[in-house]
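**Student:** This structure is in structure tokens; I'll ask about it shortly.
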Amino acid sequence: MIRSYKKGDEQQINALFHEVFRKQRSLVHWDWKFKENPLNSSVITVAEENNEIAGHVALVPAKAKWYDREVTFGARNDTMVSPRYQGKGLYKKLNLEMISTAQEEGIDYLYGYPAEKAKELFVRYTGAKEIASIPRLIRLNRLSELVVNKLPALKAV
């Protein structure tokens with residue numbers, strides 16, 4: 001079943017985030033990202049299978065000026081489907097429902113920085129267009145921070 005987020009889904013969404021991306025995320029971080037953003041709102045869509053959240057996609061809205069008018073952009077975040085539920089069309093259903101809800105909420109433009117496979121599927125299922133290729137760059141000012149983040153056991157050193 002595809003549905004909108006409801007209070008109390010956060011734990012399962014974070015568990016899915018860990019399963020898919022292999023990263024821990026606290027509930028404080030989740031609240032900051034999806035509830036405490038500048039507009040204090042998000043469009044969150046989940047796929048529920050067997051009483052568990054099997055998929056998720058969210059839009060974090062932001063206001064911007066487009067020439068002489070104010071528009072709302074939605075940043076597409078944390079699109080994910082559990083490997084245990086892939087191959088059931090959940091990715092497509094999640095994104096189509098998210099787009100429908102975004103239209104109802106008055107979100108004018110959607111954007112994101114998907115991984116290659118996600119980009120391919122999003123374009124195929126929704127007709128989205130790539131408007132620019134944005135390279136992913138990083139400059140390390142403190143290599144020690146990167147090492148400690150990847151190998152927490154070295155933090156004491």
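Order determines the names: the first chain of the structure tokens is A, the second B, and so forth; residues in each chain are numbered 1 upward, and ligands are numbered 1 upward as they are shown.
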Please return, as an MDAnalysis selection string, all residues of chain A that DSSP assigns to helix (DSSP H, G or I) on the basis of the backbone.

**Tutor:** chainID A and resid 10:21 27:34 83:85 90:104 116:126 143:150 152:156

**Student:** Just the residues within 9 Å of region 55-72 of chain A, please, counting only C-alpha atoms, with nothing from its chain fewer than 4 positions along; format it as a PyMOL selection string.

**Tutor:** chain A and resi 2+13+16-17+33-35+37-49+76-82+85+90-91+94-95+98+102+106-111

**Student:** Region 130-132 of chain A: which residues within 12 Å, counting only C-alpha atoms, same-chain residues fewer than 6 positions away excluded, as a VMD selection string?

**Tutor:** chain A and resid 110 to 114 116 119 to 120 122 to 124

**Student:** Any chance you could export the current selection's N, CA, C and O atoms as a PDB file, in the first residue's frame?

**Tutor:**
ATOM      1  N   LEU A 110      10.309  19.906  -9.003  1.00  0.00           N
ATOM      2  CA  LEU A 110      10.990  18.881  -8.212  1.00  0.00           C
ATOM      3  C   LEU A 110      12.413  18.757  -8.734  1.00  0.00           C
ATOM      4  O   LEU A 110      12.646  18.836  -9.941  1.00  0.00           O
ATOM      5  N   TYR A 111      13.339  18.540  -7.826  1.00  0.00           N
ATOM      6  CA  TYR A 111      14.720  18.326  -8.243  1.00  0.00           C
ATOM      7  C   TYR A 111      15.392  17.358  -7.283  1.00  0.00           C
ATOM      8  O   TYR A 111      14.897  17.082  -6.202  1.00  0.00           O
ATOM      9  N   GLY A 112      16.523  16.832  -7.715  1.00  0.00           N
ATOM     10  CA  GLY A 112      17.273  15.930  -6.861  1.00  0.00           C
ATOM     11  C   GLY A 112      18.613  15.606  -7.474  1.00  0.00           C
ATOM     12  O   GLY A 112      18.925  16.027  -8.591  1.00  0.00           O
ATOM     13  N   TYR A 113      19.387  14.857  -6.738  1.00  0.00           N
ATOM     14  CA  TYR A 113      20.724  14.443  -7.152  1.00  0.00           C
ATOM     15  C   TYR A 113      20.820  12.927  -6.987  1.00  0.00           C
ATOM     16  O   TYR A 113      21.532  12.431  -6.118  1.00  0.00           O
ATOM     17  N   PRO A 114      20.090  12.190  -7.811  1.00  0.00           N
ATOM     18  CA  PRO A 114      20.013  10.734  -7.627  1.00  0.00           C
ATOM     19  C   PRO A 114      21.263  10.002  -8.092  1.00  0.00           C
ATOM     20  O   PRO A 114      22.026  10.501  -8.933  1.00  0.00           O
ATOM     21  N   GLU A 116      22.958   7.000 -10.278  1.00  0.00           N
ATOM     22  CA  GLU A 116      22.701   6.713 -11.691  1.00  0.00           C
ATOM     23  C   GLU A 116      21.486   5.821 -11.916  1.00  0.00           C
ATOM     24  O   GLU A 116      20.645   6.112 -12.760  1.00  0.00           O
ATOM     25  N   LYS A 119      18.323   7.659 -11.110  1.00  0.00           N
ATOM     26  CA  LYS A 119      18.049   8.659 -12.148  1.00  0.00           C
ATOM     27  C   LYS A 119      17.413   7.989 -13.361  1.00  0.00           C
ATOM     28  O   LYS A 119      16.404   8.468 -13.885  1.00  0.00           O
ATOM     29  N   GLU A 120      17.978   6.878 -13.778  1.00  0.00           N
ATOM     30  CA  GLU A 120      17.450   6.144 -14.931  1.00  0.00           C
ATOM     31  C   GLU A 120      15.981   5.760 -14.706  1.00  0.00           C
ATOM     32  O   GLU A 120      15.130   5.961 -15.574  1.00  0.00           O
ATOM     33  N   PHE A 122      13.825   7.070 -12.470  1.00  0.00           N
ATOM     34  CA  PHE A 122      12.980   8.248 -12.296  1.00  0.00           C
ATOM     35  C   PHE A 122      12.606   8.847 -13.647  1.00  0.00           C
ATOM     36  O   PHE A 122      11.452   9.204 -13.885  1.00  0.00           O
ATOM     37  N   VAL A 123      13.568   8.926 -14.546  1.00  0.00           N
ATOM     38  CA  VAL A 123      13.296   9.442 -15.894  1.00  0.00           C
ATOM     39  C   VAL A 123      12.314   8.525 -16.614  1.00  0.00           C
ATOM     40  O   VAL A 123      11.340   8.981 -17.227  1.00  0.00           O
ATOM     41  N   ARG A 124      12.544   7.225 -16.542  1.00  0.00           N
ATOM     42  CA  ARG A 124      11.681   6.255 -17.232  1.00  0.00           C
ATOM     43  C   ARG A 124      10.244   6.302 -16.719  1.00  0.00           C
ATOM     44  O   ARG A 124       9.297   6.308 -17.493  1.00  0.00           O
TER      45      ARG A 124
END

**Student:** Which residues are near Pro83 (chain A)? Cut-off 9 Å, only C-alpha atoms, ignore same chain within fewer than 5 positions. Put them as a list in words.

**Tutor:**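 Counting only the stated atoms, we get Glu19, Val20 and Ala54 of chain A.
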
**Student:** Rounded to one decimal, what separation in Å do you get between CA of Tyr125 (chain A) and CA of Lys92 (chain A)?

**Tutor:**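 The value is 6.0 Å.
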
**Student:** Restricting the calculation to only C-alpha atoms, which member of A:Arg25, A:Glu36, A:Trp30, A:Leu96 is positioned closest to Gly127 (chain A)?

**Tutor:**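 Looking only at the distances to Gly127 (chain A), the closest residue turns out to be A:Leu96.
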
**Student:** Compare A:Leu27, A:Gly87, A:Ser144, A:Ala128 by their minimum atom-to-atom distance to Gly8 (chain A), counting only C-alpha atoms, and give me the closest one.

**Tutor:**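 Nearest candidate to Gly8 (chain A) out of A:Leu27, A:Gly87, A:Ser144, A:Ala128: A:Leu27.
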
**Student:** Grab the CA of Asp9 (chain A) to CA of Glu52 (chain A) distance for me, in Å with one decimal place.

**Tutor:** 9.3 Å

**Student:** Among the residues of region 1-155 of chain A, find those DSSP assigns to strand (DSSP E or B) from the backbone and print them as an MDAnalysis selection string.

**Tutor:** chainID A and resid 2:4 43:49 52:66 69:81 109:111
